[in-house]
Structure formats: structure tokens, C-alpha cells
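Below is data36.pdb, which holds PDB, C-alpha atoms and all ligand atoms.
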ATOM      1  CA  MET N1331     -37.314  60.045  71.831
ATOM      2  CA  HIS N1332     -39.206  61.660  74.743
ATOM      3  CA  ARG N1333     -41.439  63.387  72.189
ATOM      4  CA  PHE N1334     -42.891  60.005  71.247
ATOM      5  CA  SER N1335     -43.343  58.812  74.823
ATOM      6  CA  LEU N1336     -46.865  58.034  75.993
ATOM      7  CA  ALA N1337     -45.859  57.217  79.564
ATOM      8  CA  GLY N1338     -48.676  58.037  81.951
ATOM      9  CA  ARG N1339     -51.268  58.197  79.182
ATOM     10  CA  THR N1340     -54.122  55.904  78.269
ATOM     11  CA  ALA N1341     -55.103  55.032  74.717
ATOM     12  CA  LEU N1342     -58.371  53.498  73.553
ATOM     13  CA  VAL N1343     -58.162  51.295  70.459
ATOM     14  CA  THR N1344     -61.281  49.930  68.769
ATOM     15  CA  GLY N1345     -61.039  46.718  66.781
ATOM     16  CA  ALA N1346     -58.085  45.704  68.948
ATOM     17  CA  ALA N1347     -58.499  41.927  68.634
ATOM     18  CA  ARG N1348     -56.448  41.478  65.479
ATOM     19  CA  GLY N1349     -54.855  43.100  62.448
ATOM     20  CA  LEU N1350     -53.954  46.762  62.649
ATOM     21  CA  GLY N1351     -55.809  47.216  65.939
ATOM     22  CA  ARG N1352     -53.583  44.714  67.715
ATOM     23  CA  ALA N1353     -50.418  46.232  66.214
ATOM     24  CA  PHE N1354     -51.585  49.705  67.298
ATOM     25  CA  ALA N1355     -52.354  48.520  70.846
ATOM     26  CA  VAL N1356     -48.946  46.880  71.199
ATOM     27  CA  GLY N1357     -47.155  49.882  69.667
ATOM     28  CA  LEU N1358     -48.929  52.291  72.028
ATOM     29  CA  ALA N1359     -48.012  50.042  74.978
ATOM     30  CA  GLU N1360     -44.375  49.994  73.834
ATOM     31  CA  ALA N1361     -44.488  53.792  73.906
ATOM     32  CA  GLY N1362     -45.658  53.590  77.542
ATOM     33  CA  ALA N1363     -49.444  53.886  77.323
ATOM     34  CA  ASP N1364     -52.011  51.856  79.208
ATOM     35  CA  LEU N1365     -54.718  50.502  76.945
ATOM     36  CA  VAL N1366     -58.471  50.404  76.651
ATOM     37  CA  LEU N1367     -59.325  47.645  74.200
ATOM     38  CA  VAL N1368     -62.681  47.421  72.434
ATOM     39  CA  ASP N1369     -63.899  44.753  70.036
ATOM     40  CA  LEU N1370     -66.930  42.611  69.262
ATOM     41  CA  PRO N1371     -68.265  40.346  72.016
ATOM     42  CA  GLY N1372     -66.372  37.042  71.755
ATOM     43  CA  ALA N1373     -63.740  38.414  69.351
ATOM     44  CA  PRO N1374     -61.212  35.562  69.437
ATOM     45  CA  GLY N1375     -57.961  37.548  69.448
ATOM     46  CA  LEU N1376     -58.757  39.960  72.237
ATOM     47  CA  ALA N1377     -57.100  37.900  74.987
ATOM     48  CA  GLU N1378     -53.952  37.652  72.857
ATOM     49  CA  THR N1379     -53.822  41.439  72.471
ATOM     50  CA  GLU N1380     -54.316  41.834  76.220
ATOM     51  CA  ALA N1381     -51.475  39.382  76.900
ATOM     52  CA  ALA N1382     -49.141  41.238  74.511
ATOM     53  CA  VAL N1383     -49.869  44.540  76.269
ATOM     54  CA  HIS N1384     -49.414  42.985  79.733
ATOM     55  CA  ALA N1385     -46.095  41.480  78.615
ATOM     56  CA  LEU N1386     -44.913  45.063  78.103
ATOM     57  CA  GLY N1387     -45.879  45.925  81.686
ATOM     58  CA  ARG N1388     -48.887  48.030  80.713
ATOM     59  CA  ARG N1389     -52.443  47.751  81.993
ATOM     60  CA  THR N1390     -55.603  46.991  80.013
ATOM     61  CA  HIS N1391     -59.319  47.562  80.379
ATOM     62  CA  THR N1392     -61.284  45.524  77.879
ATOM     63  CA  TYR N1393     -64.816  46.099  76.622
ATOM     64  CA  ALA N1394     -66.876  43.755  74.447
ATOM     65  CA  GLN N1395     -68.995  46.041  72.323
ATOM     66  CA  ASP N1396     -70.595  45.805  68.915
ATOM     67  CA  LEU N1397     -69.817  49.276  67.605
ATOM     68  CA  ALA N1398     -72.662  49.000  65.084
ATOM     69  CA  ARG N1399     -74.976  49.548  68.069
ATOM     70  CA  THR N1400     -74.302  53.250  67.933
ATOM     71  CA  GLU N1401     -77.035  54.095  70.425
ATOM     72  CA  GLU N1402     -74.894  52.362  73.112
ATOM     73  CA  LEU N1403     -71.657  54.246  72.485
ATOM     74  CA  ALA N1404     -72.258  57.218  74.770
ATOM     75  CA  THR N1405     -72.880  54.775  77.622
ATOM     76  CA  LEU N1406     -69.718  52.859  76.692
ATOM     77  CA  ALA N1407     -67.648  56.065  76.801
ATOM     78  CA  ASP N1408     -69.210  57.000  80.158
ATOM     79  CA  ARG N1409     -68.428  53.538  81.573
ATOM     80  CA  ILE N1410     -64.830  53.746  80.430
ATOM     81  CA  ARG N1411     -64.409  57.151  82.062
ATOM     82  CA  THR N1412     -65.908  55.859  85.318
ATOM     83  CA  ASP N1413     -63.808  52.664  85.318
ATOM     84  CA  LEU N1414     -60.568  54.535  84.596
ATOM     85  CA  ASP N1415     -61.495  57.522  86.711
ATOM     86  CA  ARG N1416     -60.500  59.663  83.715
ATOM     87  CA  THR N1417     -60.981  59.995  79.993
ATOM     88  CA  PRO N1418     -58.499  58.229  77.690
ATOM     89  CA  ASP N1419     -55.890  60.636  76.308
ATOM     90  CA  VAL N1420     -55.874  59.000  72.882
ATOM     91  CA  LEU N1421     -58.787  57.584  70.895
ATOM     92  CA  VAL N1422     -57.903  55.356  67.946
ATOM     93  CA  ASN N1423     -60.986  54.742  65.799
ATOM     94  CA  ASN N1424     -59.555  51.663  64.134
ATOM     95  CA  ALA N1425     -62.400  49.124  63.902
ATOM     96  CA  GLY N1426     -63.689  48.815  60.386
ATOM     97  CA  THR N1427     -65.481  46.425  58.144
ATOM     98  CA  ALA N1428     -65.582  45.826  54.397
ATOM     99  CA  ALA N1429     -67.351  43.670  51.827
ATOM    100  CA  LEU N1430     -66.494  43.131  48.175
ATOM    101  CA  GLU N1431     -69.727  43.621  46.228
ATOM    102  CA  ARG N1432     -70.526  45.021  42.808
ATOM    103  CA  PHE N1433     -72.519  48.252  43.065
ATOM    104  CA  ASN N1434     -75.725  46.554  41.867
ATOM    105  CA  THR N1435     -75.551  43.755  44.448
ATOM    106  CA  ILE N1436     -75.113  45.954  47.528
ATOM    107  CA  THR N1437     -78.167  45.558  49.772
ATOM    108  CA  PRO N1438     -79.440  48.197  52.184
ATOM    109  CA  ALA N1439     -78.359  45.893  55.052
ATOM    110  CA  SER N1440     -74.785  45.624  53.801
ATOM    111  CA  TRP N1441     -74.588  49.375  53.104
ATOM    112  CA  GLN N1442     -75.934  50.183  56.573
ATOM    113  CA  GLN N1443     -73.611  47.782  58.396
ATOM    114  CA  ILE N1444     -70.538  49.326  56.780
ATOM    115  CA  MET N1445     -71.777  52.861  57.433
ATOM    116  CA  ARG N1446     -72.647  52.063  61.053
ATOM    117  CA  VAL N1447     -69.221  50.663  61.898
ATOM    118  CA  ASN N1448     -67.000  52.837  59.686
ATOM    119  CA  VAL N1449     -68.837  56.157  60.029
ATOM    120  CA  ASP N1450     -71.552  56.303  62.705
ATOM    121  CA  ALA N1451     -69.495  54.570  65.397
ATOM    122  CA  VAL N1452     -66.470  56.735  64.634
ATOM    123  CA  PHE N1453     -68.553  59.857  64.996
ATOM    124  CA  PHE N1454     -70.589  58.999  68.072
ATOM    125  CA  LEU N1455     -67.695  57.503  70.033
ATOM    126  CA  SER N1456     -65.500  60.490  69.156
ATOM    127  CA  GLN N1457     -68.333  62.856  70.065
ATOM    128  CA  ARG N1458     -68.705  61.538  73.615
ATOM    129  CA  ILE N1459     -65.010  61.021  74.275
ATOM    130  CA  ALA N1460     -64.208  64.510  72.993
ATOM    131  CA  GLU N1461     -66.857  65.932  75.333
ATOM    132  CA  HIS N1462     -65.152  64.101  78.212
ATOM    133  CA  MET N1463     -61.723  65.329  77.103
ATOM    134  CA  ILE N1464     -63.010  68.909  77.142
ATOM    135  CA  ALA N1465     -64.686  68.487  80.544
ATOM    136  CA  ASP N1466     -61.563  66.841  82.039
ATOM    137  CA  GLY N1467     -59.120  69.321  80.475
ATOM    138  CA  VAL N1468     -57.383  66.544  78.529
ATOM    139  CA  ARG N1469     -55.401  67.751  75.521
ATOM    140  CA  GLY N1470     -56.411  64.605  73.707
ATOM    141  CA  ARG N1471     -55.734  62.986  70.388
ATOM    142  CA  ILE N1472     -58.321  61.474  68.060
ATOM    143  CA  ILE N1473     -56.988  59.291  65.269
ATOM    144  CA  THR N1474     -59.335  57.756  62.735
ATOM    145  CA  VAL N1475     -58.034  54.928  60.609
ATOM    146  CA  THR N1476     -59.431  55.559  57.149
ATOM    147  CA  SER N1477     -57.861  54.147  53.981
ATOM    148  CA  LYS N1478     -56.353  55.196  50.687
ATOM    149  CA  ASN N1479     -59.954  54.434  49.584
ATOM    150  CA  ALA N1480     -61.005  57.659  51.301
ATOM    151  CA  LEU N1481     -59.057  59.432  48.558
ATOM    152  CA  VAL N1482     -59.427  57.232  45.469
ATOM    153  CA  ALA N1483     -62.108  54.761  44.378
ATOM    154  CA  GLU N1484     -61.723  51.005  44.115
ATOM    155  CA  ALA N1485     -64.201  48.754  42.274
ATOM    156  CA  GLY N1486     -66.480  46.537  44.353
ATOM    157  CA  LEU N1487     -66.247  48.775  47.401
ATOM    158  CA  ALA N1488     -68.742  51.607  46.815
ATOM    159  CA  HIS N1489     -69.996  51.455  50.423
ATOM    160  CA  TYR N1490     -66.507  51.082  51.911
ATOM    161  CA  ASN N1491     -65.029  53.898  49.802
ATOM    162  CA  ALA N1492     -67.919  56.205  50.701
ATOM    163  CA  SER N1493     -67.614  55.318  54.392
ATOM    164  CA  LYS N1494     -63.896  56.078  54.514
ATOM    165  CA  ALA N1495     -64.354  59.422  52.732
ATOM    166  CA  ALA N1496     -67.063  60.290  55.256
ATOM    167  CA  ALA N1497     -64.860  59.249  58.190
ATOM    168  CA  GLN N1498     -62.101  61.468  56.848
ATOM    169  CA  LEU N1499     -64.278  64.556  56.568
ATOM    170  CA  LEU N1500     -65.966  64.064  59.922
ATOM    171  CA  THR N1501     -62.544  63.745  61.550
ATOM    172  CA  GLU N1502     -61.302  66.896  59.829
ATOM    173  CA  THR N1503     -64.410  68.726  61.049
ATOM    174  CA  LEU N1504     -63.686  67.555  64.596
ATOM    175  CA  ALA N1505     -60.132  68.865  64.178
ATOM    176  CA  VAL N1506     -61.457  72.351  63.517
ATOM    177  CA  GLU N1507     -64.086  72.290  66.283
ATOM    178  CA  LEU N1508     -61.760  70.776  68.884
ATOM    179  CA  ALA N1509     -58.640  72.856  68.174
ATOM    180  CA  PRO N1510     -59.608  75.565  70.706
ATOM    181  CA  HIS N1511     -59.588  72.833  73.377
ATOM    182  CA  GLY N1512     -56.095  71.625  72.489
ATOM    183  CA  ILE N1513     -57.453  68.365  71.084
ATOM    184  CA  THR N1514     -56.143  67.175  67.725
ATOM    185  CA  ALA N1515     -57.939  64.944  65.228
ATOM    186  CA  ASN N1516     -56.251  63.332  62.256
ATOM    187  CA  THR N1517     -56.681  60.410  59.892
ATOM    188  CA  LEU N1518     -54.252  57.608  59.192
ATOM    189  CA  ALA N1519     -54.866  56.188  55.731
ATOM    190  CA  PRO N1520     -53.236  52.811  55.108
ATOM    191  CA  GLY N1521     -52.779  51.315  51.659
ATOM    192  CA  MET N1522     -52.731  47.518  51.457
ATOM    193  CA  VAL N1523     -51.930  45.905  54.787
ATOM    194  CA  ASP N1524     -51.574  42.190  55.416
ATOM    195  CA  THR N1525     -54.561  41.553  57.724
ATOM    196  CA  PRO N1526     -57.627  39.257  57.626
ATOM    197  CA  ILE N1527     -60.001  42.099  56.633
ATOM    198  CA  ASP N1528     -60.538  40.662  53.135
ATOM    199  CA  GLY N1529     -60.693  37.060  54.408
ATOM    200  CA  GLU N1530     -64.320  36.671  53.350
ATOM    201  CA  PHE N1531     -64.040  38.448  50.013
ATOM    202  CA  PRO N1532     -65.245  36.169  47.187
ATOM    203  CA  PHE N1533     -62.053  36.388  45.129
ATOM    204  CA  ASP N1534     -58.720  34.709  44.492
ATOM    205  CA  ARG N1535     -56.689  36.554  47.116
ATOM    206  CA  GLU N1536     -53.342  35.190  45.973
ATOM    207  CA  ALA N1537     -53.850  36.179  42.321
ATOM    208  CA  PHE N1538     -55.165  39.606  43.322
ATOM    209  CA  GLU N1539     -52.298  40.173  45.709
ATOM    210  CA  SER N1540     -49.621  39.305  43.191
ATOM    211  CA  ALA N1541     -51.245  41.578  40.555
ATOM    212  CA  TYR N1542     -51.698  44.381  43.080
ATOM    213  CA  ARG N1543     -48.133  44.166  44.355
ATOM    214  CA  GLU N1544     -47.067  45.273  40.860
ATOM    215  CA  ARG N1545     -48.926  48.544  41.481
ATOM    216  CA  ILE N1546     -47.193  49.265  44.793
ATOM    217  CA  PRO N1547     -43.938  51.206  44.365
ATOM    218  CA  LEU N1548     -42.502  49.498  47.477
ATOM    219  CA  GLY N1549     -43.525  46.179  45.907
ATOM    220  CA  ARG N1550     -45.337  44.590  48.833
ATOM    221  CA  TYR N1551     -48.230  44.817  51.267
ATOM    222  CA  ALA N1552     -47.427  46.494  54.575
ATOM    223  CA  ASP N1553     -47.058  44.504  57.732
ATOM    224  CA  PRO N1554     -49.483  45.989  60.322
ATOM    225  CA  ASP N1555     -46.447  46.928  62.375
ATOM    226  CA  GLU N1556     -45.327  49.289  59.604
ATOM    227  CA  CYS N1557     -48.286  51.592  60.309
ATOM    228  CA  VAL N1558     -47.423  51.978  64.000
ATOM    229  CA  GLY N1559     -44.804  54.726  63.564
ATOM    230  CA  ALA N1560     -47.344  56.979  61.862
ATOM    231  CA  LEU N1561     -49.844  56.293  64.644
ATOM    232  CA  LEU N1562     -47.325  57.159  67.373
ATOM    233  CA  LEU N1563     -46.535  60.437  65.621
ATOM    234  CA  LEU N1564     -50.230  61.389  65.681
ATOM    235  CA  ALA N1565     -50.730  60.131  69.260
ATOM    236  CA  SER N1566     -47.739  61.750  70.942
ATOM    237  CA  ASP N1567     -46.266  65.181  71.648
ATOM    238  CA  ALA N1568     -44.195  64.736  68.481
ATOM    239  CA  GLY N1569     -47.401  65.438  66.547
ATOM    240  CA  ALA N1570     -48.635  68.330  68.679
ATOM    241  CA  TYR N1571     -49.018  70.694  65.706
ATOM    242  CA  LEU N1572     -50.596  68.121  63.397
ATOM    243  CA  THR N1573     -54.340  68.432  63.204
ATOM    244  CA  GLY N1574     -56.905  67.954  60.454
ATOM    245  CA  THR N1575     -54.329  66.148  58.394
ATOM    246  CA  ARG N1576     -54.196  62.848  56.502
ATOM    247  CA  LEU N1577     -51.216  60.610  57.010
ATOM    248  CA  VAL N1578     -51.107  58.169  54.095
ATOM    249  CA  VAL N1579     -49.105  54.970  54.714
ATOM    250  CA  ASP N1580     -49.411  53.208  51.372
ATOM    251  CA  GLY N1581     -45.970  52.257  50.060
ATOM    252  CA  GLY N1582     -46.300  54.957  47.397
ATOM    253  CA  VAL N1583     -49.498  53.728  45.699
ATOM    254  CA  LEU N1584     -51.275  57.088  45.578
ATOM    255  CA  ALA N1585     -48.171  58.827  44.291
ATOM    256  CA  ASP N1586     -48.012  56.548  41.255
ATOM    257  CA  GLN N1587     -51.076  56.923  39.058
ATOM    258  CA  MET N1588     -49.198  55.496  36.055
ATOM    259  CA  PRO N1589     -47.088  52.406  36.844
ATOM    260  CA  ARG N1590     -44.516  53.310  34.204
ATOM    261  CA  THR N1591     -41.385  51.976  35.951
ATOM    262  CA  ARG N1592     -42.432  48.471  34.873
ATOM    263  CA  PHE N1593     -41.849  49.482  31.239
ATOM    264  CA  MET N1594     -38.528  51.268  31.779
ATOM    265  CA  PRO N1595     -35.040  49.774  31.543
ATOM    266  CA  PRO N1596     -33.946  48.256  34.857
ATOM    267  CA  TYR N1597     -31.979  50.489  37.189
ATOM    268  CA  ARG N1598     -28.672  48.966  38.288
ATOM    269  CA  SER N1599     -27.195  49.857  41.644
ATOM    270  CA  ALA N1600     -23.575  51.004  41.984
ATOM    271  CA  LEU N1601     -23.146  48.603  44.909
ATOM    272  CA  PRO N1602     -20.650  45.756  44.326
ATOM    273  CA  PRO N1603     -22.031  42.650  42.577
ATOM    274  CA  GLY N1604     -23.700  40.255  44.977
ATOM    275  CA  GLY N1605     -24.316  42.971  47.557
ATOM    276  CA  ALA N1606     -27.781  44.098  48.580
ATOM    277  CA  GLY N1607     -29.200  46.312  45.861
ATOM    278  CA  SER N1608     -26.878  45.056  43.134
ATOM    279  CA  GLU N1609     -29.828  43.478  41.342
ATOM    280  CA  ASP N1610     -32.563  45.342  39.575
ATOM    281  CA  VAL N1611     -34.175  47.209  42.479
ATOM    282  CA  ARG N1612     -37.658  47.186  40.983
ATOM    283  CA  PRO N1613     -40.135  44.877  42.752
TER     284      PRO N1613
HETATM  285  N1  LIG T   1     -55.942  45.826  55.902
HETATM  286  C1  LIG T   1     -55.909  46.785  55.002
HETATM  287  O1  LIG T   1     -55.365  46.592  53.892
HETATM  288  C2  LIG T   1     -56.514  48.136  55.301
HETATM  289  C3  LIG T   1     -56.283  49.146  54.372
HETATM  290  C4  LIG T   1     -56.803  50.406  54.615
HETATM  291  C5  LIG T   1     -57.546  50.636  55.745
HETATM  292  N2  LIG T   1     -57.771  49.641  56.635
HETATM  293  C6  LIG T   1     -58.568  49.962  57.825
HETATM  294  O2  LIG T   1     -57.840  49.633  58.986
HETATM  295  C7  LIG T   1     -58.734  49.314  60.042
HETATM  296  C8  LIG T   1     -58.339  47.981  60.633
HETATM  297  O3  LIG T   1     -58.457  47.009  59.615
HETATM  298  P1  LIG T   1     -57.759  45.580  59.627
HETATM  299  O4  LIG T   1     -57.216  45.372  58.282
HETATM  300  O5  LIG T   1     -56.910  45.446  60.828
HETATM  301  O6  LIG T   1     -59.091  44.685  59.738
HETATM  302  P2  LIG T   1     -59.400  43.352  60.547
HETATM  303  O7  LIG T   1     -60.658  42.823  59.934
HETATM  304  O8  LIG T   1     -58.219  42.470  60.626
HETATM  305  O9  LIG T   1     -59.710  43.916  62.013
HETATM  306  C9  LIG T   1     -60.815  44.715  62.256
HETATM  307  C10 LIG T   1     -61.205  44.594  63.723
HETATM  308  O10 LIG T   1     -62.361  45.401  63.926
HETATM  309  C11 LIG T   1     -63.305  44.640  64.638
HETATM  310  N3  LIG T   1     -64.670  45.027  64.311
HETATM  311  C12 LIG T   1     -65.272  44.914  63.103
HETATM  312  N4  LIG T   1     -66.565  45.264  63.209
HETATM  313  C13 LIG T   1     -66.766  45.604  64.517
HETATM  314  C14 LIG T   1     -67.901  46.009  65.255
HETATM  315  N5  LIG T   1     -69.122  46.116  64.695
HETATM  316  N6  LIG T   1     -67.746  46.277  66.570
HETATM  317  C15 LIG T   1     -66.548  46.127  67.184
HETATM  318  N7  LIG T   1     -65.439  45.734  66.523
HETATM  319  C16 LIG T   1     -65.557  45.455  65.222
HETATM  320  C17 LIG T   1     -63.070  43.200  64.204
HETATM  321  O11 LIG T   1     -63.589  42.246  65.133
HETATM  322  C18 LIG T   1     -61.550  43.154  64.104
HETATM  323  O12 LIG T   1     -60.933  42.803  65.316
HETATM  324  C19 LIG T   1     -60.138  49.318  59.418
HETATM  325  O13 LIG T   1     -60.768  50.541  59.688
HETATM  326  C20 LIG T   1     -59.847  49.173  57.942
HETATM  327  O14 LIG T   1     -60.879  49.709  57.145
HETATM  328  C21 LIG T   1     -57.258  48.383  56.439
END

Would you write out, as C-alpha cells, the structure that this file holds?
Ligand SMILES: NC(=O)c1ccc[n+]([C@@H]2O[C@H](COP(=O)([O-])OP(=O)(O)OC[C@H]3O[C@@H](n4cnc5c(N)ncnc54)[C@H](O)[C@@H]3O)[C@@H](O)[C@H]2O)c1
Amino acid sequence: MHRFSLAGRTALVTGAARGLGRAFAVGLAEAGADLVLVDLPGAPGLAETEAAVHALGRRTHTYAQDLARTEELATLADRIRTDLDRTPDVLVNNAGTAALERFNTITPASWQQIMRVNVDAVFFLSQRIAEHMIADGVRGRIITVTSKNALVAEAGLAHYNASKAAAQLLTETLAVELAPHGITANTLAPGMVDTPIDGEFPFDREAFESAYRERIPLGRYADPDECVGALLLLASDAGAYLTGTRLVVDGGVLADQMPRTRFMPPYRSALPPGGAGSEDVRP
């Protein structure tokens, strides 16, 4: 497992106060990394993430920063480098925001907020940190958390879909430009993950979730923890030859454009009756 070890390295995770960001921070700490945690000023879960990382014996530096204030991100990266006395080895552009709005109700303010956080902040933070990695001779890793929505559209999310597609392409461009410096850049594209990101969506979450589960070959939303393995692959020596790639962690959604299994005869397992898998294995 030494290939997955991050002992002696430092990883920066944005949006670390909850959801995927917290799971990523804890997973990176389990692999041996110290953490730089970034989230909105006053983000309620940040102290909990810090405590979880400390419980694993790893150190944290925490920064309260609204990433939508893109003009401040170069200064933030400079501060982090000064405080740590080195550039983080791994940058996880995880923070993201979404709103569920029909195309004709999206306001310029809503469009801009989503673009600022999901695209502009990803680019300008990566830009400065990559410059530091080059200057410090760090063979770094940049991982941008996009979404399956970077690859396929979903109604009510025109701004979000567009932002994730942009984040994907900017990360792939960084991969090409940074390869000569030994720095990799990849995207991790989750499917549906059980986090509070859609907490303010004006919809019946329970009804949507049960309908959507039918579309997921694995039959359920992911727990945030189930995206950590993919992140560690991209962050560690195990992923040294991966760059400019998209790691989709979606329970099979994108592979199944026609949910036909629902209309096929049930598949019966050969396991003995009563044993796991002896029932119809479809969700
Ligand atoms: N949950 C899903 O189903 C899902 C699916 C695909 C992709 N994603 C992506 O995964 C990433 C994490 O999402 P999540 O589900 O954990 O969301 P979440 O809402 O639970 O967490 C997002 C975190 O980002 C922080 N954040 C938001 N705006 C910020 C800003 N302006 N400045 C600083 N921090 C800010 C929030 O405070 C929060 O802690 C996002 O990029 C999201 O688009 C999530």
C-alpha cells in the first residue's frame, strides 16, 4: 500500500467543512497527509473536520475564505505557502455550489455566483498554487471535483452543468501545460452523493431520490466516503501516470443510457436460498 501513502505530504482541500470535502480531508489524513482546510468564513462544520483530522494525528492549517472573491486567491495561496514554509503537494478543488433553476429563471447574479465558485476559483487558485509548485520543485497533484454533469446535461442546472464542463476542460488544459513540471491535473466526477448540496433546492428531495435511485445501476446514492479511494489514487504515487483524465464515480449512471434492466426478467443468484444475493439482485 506504500503507493497510496501520503506520509510527509500536505494536501489542501477547499470546501472542507462538510460533505465530500470533509470525507476527502479525513481520507487524505488517513493516508498520512497534513491538511490545509479552506471554507467560507463561519462555515459551521470546519471545526469538526479539523477535529477528525487531528484525531488521526495529522496537522491542520485552516483558512476562512469566500472563494467567490477570486481577486483574493493569489494572496491566499501566498499566505498558505508562507505559513507552511512550502507549497501544498496536493490541491483538491472541491468547493462547489449549485442551484436548481429553470433556464428562464436564472439571473445574472445566480449564474455569476456559480461560475465564480465552480470555475473562476478553481482556475485562479490552481494557477497560483501551480506556480508555487513549479518554483518549489514540487511534483504536485491538482484534482478538481467536477460532476457527471460535466459530461451530460441535467434539467434545471444550466449554470451548474456549464460550470462543471468548464472546470473539466480547464483542468485538462493545466494537465498538458504542467506535465513538463511533473505536476498532474485530473478531474474526479461524482454521480449522486449523499451530501447537503441540494438542501436548498425547491423540490421534493425524497420523491426525487427514490425515482433517481431507479436510474443508478448500483441502486443507491454514494456515501461521500465512497469517493475517497478515487481521490487517493489521483493524489498519490499510485496515480503517477494519470494526468488529464476524468475519474467518474457514479455507480454506473453514465454507462446506462437506457435503464432496460428494470423491464427484464429478474436474475436469480446461484447462492443458496436465504444467503446474500439469493434474491433478485436488481435494486
Ligand atoms: N453531492 C453530489 O451529489 C455531487 C455530485 C457531483 C459533484 N459534486 C461536487 O462535489 C463538490 C462537493 O460537493 P458536496 O456535495 O460535498 O457539497 P456541500 O454543499 O455539502 O459542500 C460544499 C462545501 O463547499 C463550501 N463552499 C461553497 N461555496 C463556497 C465559497 N464561495 N467559498 C468557500 N467555500 C465554499 C461550502 O461551505 C461547503 O462546505 C462540489 O464541487 C460539487 O459540485 C457533488

Got a sec to resolve the PyMOL selection byres (((chain N and resi 1353-1368) around 8) and not hetatm) on this structure and send the residues as a ChimeraX atom specification?
/N:1334-1352,1369-1370,1376,1379-1380,1382-1383,1386,1388-1395,1418,1554-1555,1557-1558,1561-1562

Could you tell me which residues the PyMOL selection byres (((chain N and resi 1522) around 10) and not hetatm) grabs in this file, written as a PyMOL selection string?
chain N and resi 1477-1478+1519-1521+1523-1525+1539+1542-1543+1546+1550-1554+1579-1581+1583

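Going from CA of Ala1585 in chain N to CA of Asp1534 in chain N covers 26.3 Å.
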
d(CA of Phe1453 in chain N, CA of Ala1428 in chain N) in Å
17.8 Å

Can you tell me how far CA of Asp1419 in chain N sits from CA of Ile1472 in chain N, in Å to one decimal?
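Separation of CA of Asp1419 in chain N and CA of Ile1472 in chain N: 8.6 Å.
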
Expected axis-aligned box over every listed atom of range 1549-1556 of chain N, 8 Å added per side, centre plus edges in Å to one decimal, as JSON:
{"center_x": -46.5, "center_y": 46.9, "center_z": 54.1, "size_x": 22.0, "size_y": 20.8, "size_z": 32.5}

Which of these, N:Ala1404, N:Val1452, N:Leu1548, N:Ala1568, has the shortest distance to ligand LIG 1 (chain T) once you count all atoms listed in the file?
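That would be N:Val1452, the residue with the smallest distance to ligand LIG 1 (chain T).
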
List as a CSV table (one decimal) with C-alpha atoms, in the coordinates of the input the protein and nucleic acid residues near Ser1440 in chain N, meaning an atom at most 9 Å away when only C-alpha atoms are counted, but skip any in the same chain fewer than 5 places from it.
chain,number,residue,atom,x,y,z
N,1429,ALA,CA,-67.4,43.7,51.8
N,1445,MET,CA,-71.8,52.9,57.4
N,1489,HIS,CA,-70.0,51.5,50.4

Just so the selection is clear, what residues does the PyMOL selection byres (((chain N and resi 1400) around 12) and not hetatm) cover here, as an MDAnalysis selection string?
chainID N and resid 1395:1399 1401:1407 1442:1443 1445:1458

N:Gly1372, N:Pro1526, N:Pro1547, N:Gly1387 ranked by distance to ligand LIG 1 (chain T), top pick (using all atoms listed in the file):
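Between N:Gly1372, N:Pro1526, N:Pro1547, N:Gly1387, the residue approaching ligand LIG 1 (chain T) most closely is N:Pro1526.
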
Which of these, N:Tyr1490, N:Tyr1571, N:Phe1538, N:Phe1533, has the shortest distance to Ile1436 in chain N once you count only C-alpha atoms?
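Under the stated criterion, the closest residue is N:Tyr1490.
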